[in-house]
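**Q** Dropping the structure in here first, questions after.
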Amino acid sequence: QRSILLEDLYRDDGMAHLTKAPDEIVAEILIPGNPGVLATYRKLRRRESIDFPILGIAAAIRLDDTGTCTAARIVLGAVASAPLRVPEAEEALVGRPYSPETIAAAAEACRKLARPLNNTDLTSRYRKRMIPVYVRRALEELVP
């Protein structure tokens, strides 16, 4: 039995994308409570009946009483061989008022970093264009 951080479970290797050994089974994922964190996940897929994402965006933020972002985490899925954290997008949010401008800056940072693989029936070029759209939508839905 062993415990690892979820971010350490994946590696950037399309053939052996998990760090677990062949005889290991992931039995439990613990997600600690984090009061005050606003989080969401958005998924682009071909049809609602298909679970496999063509693009996934996970976003979490914390805002203080003035509406300033004090913490952020943005991760892109289905664009690389492992979940892709985007520190540049997080930096565009943290320490600034949460606004359409900071959201746009974070979305652009995600677009710049991502290089979608050509591994789905939709083109990588289309998926690249959809990244800032989905990041913006995810971040906008966090605060009414």
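Every chain in the structure tokens has a letter given in the order shown (A, B, ...), and although residue numbers restart at 1 in each chain, ligands are simply numbered from 1 in the order shown.
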Within 8 Å of segment 66-72 of chain A, counting only C-alpha atoms, which residues show up once you throw out same-chain ones fewer than 4 positions away? Write them as a list in words, please.

**A**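 With the cut-off at 8 Å, the set is Ala59, Ala60, Ile61, Arg62, Glu90, Glu91, Leu93, Val94, Gly95, Arg96, Pro97 and Tyr98 of chain A.
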
**Q** Could the residues in this selection be saved with C-alpha atoms as a PDB file, in the first residue's frame?

**A**
ATOM      1  CA  ALA A  59     -10.492  25.046 -12.760  1.00  0.00           C
ATOM      2  CA  ALA A  60     -10.436  25.989  -9.092  1.00  0.00           C
ATOM      3  CA  ILE A  61     -10.097  29.422  -7.517  1.00  0.00           C
ATOM      4  CA  ARG A  62     -10.310  31.114  -4.150  1.00  0.00           C
ATOM      5  CA  GLU A  90      -2.905  30.632 -12.685  1.00  0.00           C
ATOM      6  CA  GLU A  91      -0.439  33.533 -12.450  1.00  0.00           C
ATOM      7  CA  LEU A  93      -5.432  35.303 -11.980  1.00  0.00           C
ATOM      8  CA  VAL A  94      -3.689  35.250  -8.601  1.00  0.00           C
ATOM      9  CA  GLY A  95      -3.240  38.598  -6.874  1.00  0.00           C
ATOM     10  CA  ARG A  96      -5.603  40.373  -9.264  1.00  0.00           C
ATOM     11  CA  PRO A  97      -9.269  41.292  -9.136  1.00  0.00           C
ATOM     12  CA  TYR A  98     -11.334  38.479 -10.682  1.00  0.00           C
TER      13      TYR A  98
END

**Q** With a cut-off of 10 Å, could you pull out the residues of segment 34-137 of chain A touching segment 7-24 of chain A and give me the nearest pair of atoms for each, distance in Å to one decimal, using only C-alpha atoms, ordered by chain and ascending number, as a Markdown table?

**A**
| residue | atom | partner | partner_atom | distance |
| --- | --- | --- | --- | --- |
| A:Ala80 | CA | A:Asp12 | CA | 7.6 |
| A:Ser81 | CA | A:Gly14 | CA | 5.2 |
| A:Ala82 | CA | A:Asp12 | CA | 5.3 |
| A:Pro83 | CA | A:Tyr10 | CA | 7.4 |
| A:Leu84 | CA | A:Asp12 | CA | 9.2 |
| A:Arg85 | CA | A:Glu7 | CA | 9.2 |

**Q** Restrict the selected residues to C-alpha atoms and save them as a tab-separated table (two decimals), in the first residue's frame.

**A**
chain	number	residue	atom	x	y	z
A	80	ALA	CA	-1.54	15.84	-23.94
A	81	SER	CA	-0.58	12.37	-22.78
A	82	ALA	CA	-1.11	13.51	-19.17
A	83	PRO	CA	-3.22	16.21	-17.49
A	84	LEU	CA	-1.56	19.55	-18.21
A	85	ARG	CA	-1.39	22.13	-15.44

**Q** For Arg129 of chain A, list every protein, DNA or RNA residue within 10 Å, evaluated using only C-alpha atoms, and leave out those in the same chain fewer than 5 positions away; present the list as a VMD selection string.

**A** chain A and resid 111 124 134

**Q** Taking the backbone alone, and naming residues the way the document does, which bits of chain A are strand (DSSP E) by DSSP, as a PDB file with all heavy atoms, in the first residue's frame?

**A**
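Done, and the output landed in result.pdb:
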ATOM      1  N   VAL A  37     -13.147  27.231  -1.702  1.00  0.00           N
ATOM      2  CA  VAL A  37     -12.653  26.996  -3.054  1.00  0.00           C
ATOM      3  C   VAL A  37     -13.840  26.805  -3.988  1.00  0.00           C
ATOM      4  O   VAL A  37     -14.761  26.034  -3.692  1.00  0.00           O
ATOM      5  CB  VAL A  37     -11.712  25.775  -3.111  1.00  0.00           C
ATOM      6  CG1 VAL A  37     -11.404  25.398  -4.548  1.00  0.00           C
ATOM      7  CG2 VAL A  37     -10.428  26.069  -2.370  1.00  0.00           C
ATOM      8  N   LEU A  38     -13.813  27.504  -5.094  1.00  0.00           N
ATOM      9  CA  LEU A  38     -14.825  27.354  -6.136  1.00  0.00           C
ATOM     10  C   LEU A  38     -14.186  26.536  -7.252  1.00  0.00           C
ATOM     11  O   LEU A  38     -13.099  26.865  -7.723  1.00  0.00           O
ATOM     12  CB  LEU A  38     -15.245  28.728  -6.656  1.00  0.00           C
ATOM     13  CG  LEU A  38     -15.738  29.719  -5.599  1.00  0.00           C
ATOM     14  CD1 LEU A  38     -15.826  31.123  -6.175  1.00  0.00           C
ATOM     15  CD2 LEU A  38     -17.064  29.262  -5.050  1.00  0.00           C
ATOM     16  N   ALA A  39     -14.854  25.474  -7.686  1.00  0.00           N
ATOM     17  CA  ALA A  39     -14.245  24.588  -8.685  1.00  0.00           C
ATOM     18  C   ALA A  39     -15.279  24.126  -9.700  1.00  0.00           C
ATOM     19  O   ALA A  39     -16.477  24.039  -9.401  1.00  0.00           O
ATOM     20  CB  ALA A  39     -13.613  23.378  -8.006  1.00  0.00           C
ATOM     21  N   THR A  40     -14.792  23.815 -10.899  1.00  0.00           N
ATOM     22  CA  THR A  40     -15.663  23.322 -11.962  1.00  0.00           C
ATOM     23  C   THR A  40     -14.862  22.477 -12.948  1.00  0.00           C
ATOM     24  O   THR A  40     -13.626  22.499 -12.942  1.00  0.00           O
ATOM     25  CB  THR A  40     -16.343  24.496 -12.709  1.00  0.00           C
ATOM     26  OG1 THR A  40     -17.354  23.973 -13.576  1.00  0.00           O
ATOM     27  CG2 THR A  40     -15.347  25.295 -13.530  1.00  0.00           C
ATOM     28  N   TYR A  41     -15.589  21.750 -13.771  1.00  0.00           N
ATOM     29  CA  TYR A  41     -14.988  20.970 -14.855  1.00  0.00           C
ATOM     30  C   TYR A  41     -15.903  21.093 -16.060  1.00  0.00           C
ATOM     31  O   TYR A  41     -17.118  20.935 -15.942  1.00  0.00           O
ATOM     32  CB  TYR A  41     -14.831  19.497 -14.456  1.00  0.00           C
ATOM     33  CG  TYR A  41     -14.310  18.625 -15.581  1.00  0.00           C
ATOM     34  CD1 TYR A  41     -12.967  18.653 -15.936  1.00  0.00           C
ATOM     35  CD2 TYR A  41     -15.162  17.792 -16.297  1.00  0.00           C
ATOM     36  CE1 TYR A  41     -12.483  17.878 -16.975  1.00  0.00           C
ATOM     37  CE2 TYR A  41     -14.686  17.006 -17.332  1.00  0.00           C
ATOM     38  CZ  TYR A  41     -13.348  17.051 -17.666  1.00  0.00           C
ATOM     39  OH  TYR A  41     -12.874  16.279 -18.699  1.00  0.00           O
ATOM     40  N   ARG A  42     -15.327  21.387 -17.203  1.00  0.00           N
ATOM     41  CA  ARG A  42     -16.092  21.451 -18.452  1.00  0.00           C
ATOM     42  C   ARG A  42     -15.440  20.512 -19.446  1.00  0.00           C
ATOM     43  O   ARG A  42     -14.219  20.399 -19.500  1.00  0.00           O
ATOM     44  CB  ARG A  42     -16.135  22.863 -18.993  1.00  0.00           C
ATOM     45  CG  ARG A  42     -16.889  23.803 -18.049  1.00  0.00           C
ATOM     46  CD  ARG A  42     -17.173  25.135 -18.649  1.00  0.00           C
ATOM     47  NE  ARG A  42     -18.064  25.093 -19.771  1.00  0.00           N
ATOM     48  CZ  ARG A  42     -19.390  25.270 -19.716  1.00  0.00           C
ATOM     49  NH1 ARG A  42     -19.978  25.426 -18.560  1.00  0.00           N
ATOM     50  NH2 ARG A  42     -20.110  25.296 -20.808  1.00  0.00           N
ATOM     51  N   LYS A  43     -16.295  19.869 -20.242  1.00  0.00           N
ATOM     52  CA  LYS A  43     -15.797  18.873 -21.187  1.00  0.00           C
ATOM     53  C   LYS A  43     -16.401  19.109 -22.566  1.00  0.00           C
ATOM     54  O   LYS A  43     -17.607  19.261 -22.696  1.00  0.00           O
ATOM     55  CB  LYS A  43     -16.164  17.481 -20.673  1.00  0.00           C
ATOM     56  CG  LYS A  43     -15.776  16.364 -21.596  1.00  0.00           C
ATOM     57  CD  LYS A  43     -15.923  14.982 -21.018  1.00  0.00           C
ATOM     58  CE  LYS A  43     -17.119  14.705 -20.198  1.00  0.00           C
ATOM     59  NZ  LYS A  43     -17.220  13.308 -19.771  1.00  0.00           N
ATOM     60  N   LEU A  44     -15.535  19.142 -23.563  1.00  0.00           N
ATOM     61  CA  LEU A  44     -15.966  19.174 -24.953  1.00  0.00           C
ATOM     62  C   LEU A  44     -15.950  17.732 -25.443  1.00  0.00           C
ATOM     63  O   LEU A  44     -14.952  17.023 -25.278  1.00  0.00           O
ATOM     64  CB  LEU A  44     -15.006  20.025 -25.797  1.00  0.00           C
ATOM     65  CG  LEU A  44     -15.190  19.976 -27.315  1.00  0.00           C
ATOM     66  CD1 LEU A  44     -16.544  20.527 -27.727  1.00  0.00           C
ATOM     67  CD2 LEU A  44     -14.060  20.726 -28.011  1.00  0.00           C
ATOM     68  N   LEU A  55     -11.690  17.618 -25.155  1.00  0.00           N
ATOM     69  CA  LEU A  55     -10.999  18.647 -24.394  1.00  0.00           C
ATOM     70  C   LEU A  55     -11.643  18.699 -23.018  1.00  0.00           C
ATOM     71  O   LEU A  55     -12.870  18.621 -22.909  1.00  0.00           O
ATOM     72  CB  LEU A  55     -11.154  20.015 -25.086  1.00  0.00           C
ATOM     73  CG  LEU A  55     -10.713  21.250 -24.309  1.00  0.00           C
ATOM     74  CD1 LEU A  55      -9.217  21.216 -24.040  1.00  0.00           C
ATOM     75  CD2 LEU A  55     -11.101  22.502 -25.060  1.00  0.00           C
ATOM     76  N   GLY A  56     -10.846  18.795 -21.982  1.00  0.00           N
ATOM     77  CA  GLY A  56     -11.368  18.942 -20.629  1.00  0.00           C
ATOM     78  C   GLY A  56     -10.666  20.094 -19.937  1.00  0.00           C
ATOM     79  O   GLY A  56      -9.468  20.315 -20.141  1.00  0.00           O
ATOM     80  N   ILE A  57     -11.428  20.855 -19.160  1.00  0.00           N
ATOM     81  CA  ILE A  57     -10.878  21.973 -18.403  1.00  0.00           C
ATOM     82  C   ILE A  57     -11.315  21.819 -16.953  1.00  0.00           C
ATOM     83  O   ILE A  57     -12.514  21.782 -16.671  1.00  0.00           O
ATOM     84  CB  ILE A  57     -11.418  23.334 -18.906  1.00  0.00           C
ATOM     85  CG1 ILE A  57     -11.252  23.507 -20.407  1.00  0.00           C
ATOM     86  CG2 ILE A  57     -10.798  24.488 -18.126  1.00  0.00           C
ATOM     87  CD1 ILE A  57      -9.851  23.610 -20.895  1.00  0.00           C
ATOM     88  N   ALA A  58     -10.365  21.732 -16.036  1.00  0.00           N
ATOM     89  CA  ALA A  58     -10.665  21.740 -14.608  1.00  0.00           C
ATOM     90  C   ALA A  58     -10.099  23.046 -14.055  1.00  0.00           C
ATOM     91  O   ALA A  58      -8.947  23.397 -14.332  1.00  0.00           O
ATOM     92  CB  ALA A  58     -10.025  20.549 -13.909  1.00  0.00           C
ATOM     93  N   ALA A  59     -10.923  23.763 -13.308  1.00  0.00           N
ATOM     94  CA  ALA A  59     -10.492  25.046 -12.760  1.00  0.00           C
ATOM     95  C   ALA A  59     -10.956  25.164 -11.321  1.00  0.00           C
ATOM     96  O   ALA A  59     -12.067  24.759 -10.986  1.00  0.00           O
ATOM     97  CB  ALA A  59     -11.046  26.201 -13.591  1.00  0.00           C
ATOM     98  N   ALA A  60     -10.097  25.722 -10.487  1.00  0.00           N
ATOM     99  CA  ALA A  60     -10.436  25.989  -9.092  1.00  0.00           C
ATOM    100  C   ALA A  60      -9.812  27.319  -8.697  1.00  0.00           C
ATOM    101  O   ALA A  60      -8.663  27.600  -9.067  1.00  0.00           O
ATOM    102  CB  ALA A  60      -9.924  24.880  -8.185  1.00  0.00           C
ATOM    103  N   ILE A  61     -10.588  28.120  -7.977  1.00  0.00           N
ATOM    104  CA  ILE A  61     -10.097  29.422  -7.517  1.00  0.00           C
ATOM    105  C   ILE A  61     -10.546  29.668  -6.081  1.00  0.00           C
ATOM    106  O   ILE A  61     -11.466  29.027  -5.587  1.00  0.00           O
ATOM    107  CB  ILE A  61     -10.593  30.587  -8.399  1.00  0.00           C
ATOM    108  CG1 ILE A  61     -12.126  30.667  -8.359  1.00  0.00           C
ATOM    109  CG2 ILE A  61     -10.061  30.484  -9.816  1.00  0.00           C
ATOM    110  CD1 ILE A  61     -12.699  31.949  -8.920  1.00  0.00           C
ATOM    111  N   ARG A  62      -9.881  30.602  -5.457  1.00  0.00           N
ATOM    112  CA  ARG A  62     -10.310  31.114  -4.150  1.00  0.00           C
ATOM    113  C   ARG A  62     -10.260  32.636  -4.268  1.00  0.00           C
ATOM    114  O   ARG A  62      -9.276  33.194  -4.756  1.00  0.00           O
ATOM    115  CB  ARG A  62      -9.382  30.639  -3.035  1.00  0.00           C
ATOM    116  CG  ARG A  62      -9.834  31.107  -1.640  1.00  0.00           C
ATOM    117  CD  ARG A  62      -8.814  30.784  -0.561  1.00  0.00           C
ATOM    118  NE  ARG A  62      -8.391  29.410  -0.536  1.00  0.00           N
ATOM    119  CZ  ARG A  62      -8.992  28.435   0.151  1.00  0.00           C
ATOM    120  NH1 ARG A  62     -10.057  28.694   0.858  1.00  0.00           N
ATOM    121  NH2 ARG A  62      -8.523  27.204   0.124  1.00  0.00           N
ATOM    122  N   LEU A  63     -11.338  33.275  -3.830  1.00  0.00           N
ATOM    123  CA  LEU A  63     -11.414  34.729  -3.851  1.00  0.00           C
ATOM    124  C   LEU A  63     -11.488  35.263  -2.428  1.00  0.00           C
ATOM    125  O   LEU A  63     -12.095  34.631  -1.563  1.00  0.00           O
ATOM    126  CB  LEU A  63     -12.666  35.188  -4.618  1.00  0.00           C
ATOM    127  CG  LEU A  63     -12.800  34.726  -6.071  1.00  0.00           C
ATOM    128  CD1 LEU A  63     -14.120  35.215  -6.657  1.00  0.00           C
ATOM    129  CD2 LEU A  63     -11.632  35.196  -6.913  1.00  0.00           C
ATOM    130  N   CYS A  69      -8.454  37.295  -6.572  1.00  0.00           N
ATOM    131  CA  CYS A  69      -8.134  35.869  -6.606  1.00  0.00           C
ATOM    132  C   CYS A  69      -6.882  35.624  -5.760  1.00  0.00           C
ATOM    133  O   CYS A  69      -5.836  36.221  -6.005  1.00  0.00           O
ATOM    134  CB  CYS A  69      -7.905  35.426  -8.048  1.00  0.00           C
ATOM    135  SG  CYS A  69      -7.587  33.669  -8.229  1.00  0.00           S
ATOM    136  N   THR A  70      -7.013  34.763  -4.773  1.00  0.00           N
ATOM    137  CA  THR A  70      -5.880  34.471  -3.891  1.00  0.00           C
ATOM    138  C   THR A  70      -5.230  33.122  -4.198  1.00  0.00           C
ATOM    139  O   THR A  70      -4.123  32.871  -3.747  1.00  0.00           O
ATOM    140  CB  THR A  70      -6.321  34.504  -2.415  1.00  0.00           C
ATOM    141  OG1 THR A  70      -7.347  33.529  -2.215  1.00  0.00           O
ATOM    142  CG2 THR A  70      -6.827  35.889  -2.036  1.00  0.00           C
ATOM    143  N   ALA A  71      -5.912  32.274  -4.944  1.00  0.00           N
ATOM    144  CA  ALA A  71      -5.345  30.981  -5.345  1.00  0.00           C
ATOM    145  C   ALA A  71      -6.080  30.499  -6.585  1.00  0.00           C
ATOM    146  O   ALA A  71      -7.275  30.771  -6.754  1.00  0.00           O
ATOM    147  CB  ALA A  71      -5.489  29.959  -4.219  1.00  0.00           C
ATOM    148  N   ALA A  72      -5.365  29.790  -7.450  1.00  0.00           N
ATOM    149  CA  ALA A  72      -5.977  29.264  -8.676  1.00  0.00           C
ATOM    150  C   ALA A  72      -5.230  28.021  -9.130  1.00  0.00           C
ATOM    151  O   ALA A  72      -4.020  27.903  -8.910  1.00  0.00           O
ATOM    152  CB  ALA A  72      -5.947  30.316  -9.784  1.00  0.00           C
ATOM    153  N   ARG A  73      -5.964  27.136  -9.736  1.00  0.00           N
ATOM    154  CA  ARG A  73      -5.364  25.973 -10.384  1.00  0.00           C
ATOM    155  C   ARG A  73      -6.180  25.693 -11.639  1.00  0.00           C
ATOM    156  O   ARG A  73      -7.398  25.591 -11.580  1.00  0.00           O
ATOM    157  CB  ARG A  73      -5.356  24.765  -9.476  1.00  0.00           C
ATOM    158  CG  ARG A  73      -4.710  23.583 -10.194  1.00  0.00           C
ATOM    159  CD  ARG A  73      -4.147  22.532  -9.338  1.00  0.00           C
ATOM    160  NE  ARG A  73      -3.097  23.027  -8.476  1.00  0.00           N
ATOM    161  CZ  ARG A  73      -2.383  22.234  -7.692  1.00  0.00           C
ATOM    162  NH1 ARG A  73      -2.613  20.953  -7.666  1.00  0.00           N
ATOM    163  NH2 ARG A  73      -1.438  22.722  -6.917  1.00  0.00           N
ATOM    164  N   ILE A  74      -5.491  25.560 -12.766  1.00  0.00           N
ATOM    165  CA  ILE A  74      -6.143  25.250 -14.035  1.00  0.00           C
ATOM    166  C   ILE A  74      -5.402  24.086 -14.665  1.00  0.00           C
ATOM    167  O   ILE A  74      -4.178  24.105 -14.805  1.00  0.00           O
ATOM    168  CB  ILE A  74      -6.144  26.457 -14.983  1.00  0.00           C
ATOM    169  CG1 ILE A  74      -6.941  27.609 -14.345  1.00  0.00           C
ATOM    170  CG2 ILE A  74      -6.742  26.085 -16.339  1.00  0.00           C
ATOM    171  CD1 ILE A  74      -6.934  28.887 -15.133  1.00  0.00           C
ATOM    172  N   VAL A  75      -6.170  23.060 -15.047  1.00  0.00           N
ATOM    173  CA  VAL A  75      -5.597  21.868 -15.653  1.00  0.00           C
ATOM    174  C   VAL A  75      -6.382  21.550 -16.922  1.00  0.00           C
ATOM    175  O   VAL A  75      -7.616  21.539 -16.912  1.00  0.00           O
ATOM    176  CB  VAL A  75      -5.643  20.659 -14.688  1.00  0.00           C
ATOM    177  CG1 VAL A  75      -5.092  19.413 -15.349  1.00  0.00           C
ATOM    178  CG2 VAL A  75      -4.874  20.979 -13.404  1.00  0.00           C
ATOM    179  N   LEU A  76      -5.643  21.293 -18.003  1.00  0.00           N
ATOM    180  CA  LEU A  76      -6.254  20.898 -19.273  1.00  0.00           C
ATOM    181  C   LEU A  76      -6.157  19.387 -19.404  1.00  0.00           C
ATOM    182  O   LEU A  76      -5.121  18.802 -19.096  1.00  0.00           O
ATOM    183  CB  LEU A  76      -5.525  21.553 -20.450  1.00  0.00           C
ATOM    184  CG  LEU A  76      -5.396  23.069 -20.434  1.00  0.00           C
ATOM    185  CD1 LEU A  76      -4.590  23.539 -21.634  1.00  0.00           C
ATOM    186  CD2 LEU A  76      -6.756  23.729 -20.404  1.00  0.00           C
ATOM    187  N   GLY A  77      -7.217  18.786 -19.887  1.00  0.00           N
ATOM    188  CA  GLY A  77      -7.217  17.347 -20.129  1.00  0.00           C
ATOM    189  C   GLY A  77      -7.489  17.055 -21.590  1.00  0.00           C
ATOM    190  O   GLY A  77      -8.063  17.874 -22.307  1.00  0.00           O
ATOM    191  N   LEU A  84      -2.515  18.463 -18.019  1.00  0.00           N
ATOM    192  CA  LEU A  84      -1.557  19.546 -18.215  1.00  0.00           C
ATOM    193  C   LEU A  84      -1.932  20.741 -17.347  1.00  0.00           C
ATOM    194  O   LEU A  84      -2.912  21.429 -17.614  1.00  0.00           O
ATOM    195  CB  LEU A  84      -1.541  19.954 -19.696  1.00  0.00           C
ATOM    196  CG  LEU A  84      -0.613  21.056 -20.129  1.00  0.00           C
ATOM    197  CD1 LEU A  84       0.845  20.665 -19.897  1.00  0.00           C
ATOM    198  CD2 LEU A  84      -0.843  21.379 -21.607  1.00  0.00           C
ATOM    199  N   ARG A  85      -1.164  20.969 -16.297  1.00  0.00           N
ATOM    200  CA  ARG A  85      -1.389  22.131 -15.443  1.00  0.00           C
ATOM    201  C   ARG A  85      -0.808  23.351 -16.142  1.00  0.00           C
ATOM    202  O   ARG A  85       0.234  23.270 -16.801  1.00  0.00           O
ATOM    203  CB  ARG A  85      -0.718  21.921 -14.089  1.00  0.00           C
ATOM    204  CG  ARG A  85      -1.045  23.015 -13.115  1.00  0.00           C
ATOM    205  CD  ARG A  85      -0.617  22.675 -11.723  1.00  0.00           C
ATOM    206  NE  ARG A  85      -0.777  23.847 -10.873  1.00  0.00           N
ATOM    207  CZ  ARG A  85      -0.227  23.962  -9.692  1.00  0.00           C
ATOM    208  NH1 ARG A  85       0.480  22.973  -9.196  1.00  0.00           N
ATOM    209  NH2 ARG A  85      -0.405  25.051  -8.991  1.00  0.00           N
TER     210      ARG A  85
END

**Q** As a short mmCIF file (atom, residue, chain, number, x, y, z; two decimals) with N, CA, C and O atoms, in the first residue's frame, please: the residues near Glu88 of chain A (cut-off 8 Å, only C-alpha atoms, same-chain neighbours under 3 positions excluded).

**A**
data_model
loop_
_atom_site.label_atom_id
_atom_site.label_comp_id
_atom_site.auth_asym_id
_atom_site.auth_seq_id
_atom_site.Cartn_x
_atom_site.Cartn_y
_atom_site.Cartn_z
N GLU A 91 -1.11 32.27 -12.77
CA GLU A 91 -0.44 33.53 -12.45
C GLU A 91 -1.21 34.74 -12.99
O GLU A 91 -1.15 35.83 -12.42
N ALA A 92 -1.92 34.54 -14.10
CA ALA A 92 -2.72 35.63 -14.67
C ALA A 92 -3.90 35.99 -13.76
O ALA A 92 -4.45 37.09 -13.86
N ALA A 106 -6.01 34.49 -18.58
CA ALA A 106 -5.82 33.08 -18.22
C ALA A 106 -6.17 32.18 -19.40
O ALA A 106 -5.46 31.21 -19.69
N ALA A 109 -3.38 32.29 -21.92
CA ALA A 109 -2.21 31.53 -21.46
C ALA A 109 -2.42 30.04 -21.72
O ALA A 109 -1.47 29.34 -22.13
N CYS A 110 -3.62 29.55 -21.52
CA CYS A 110 -3.92 28.14 -21.79
C CYS A 110 -3.78 27.85 -23.28
O CYS A 110 -3.23 26.82 -23.67
#

**Q** I need the residue nearest Phe52 of chain A from this list: A:Asp65, A:Glu28, A:Glu108, A:Asp121. Use only C-alpha atoms for the distance.

**A**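 The closest residue to Phe52 of chain A is A:Asp121.
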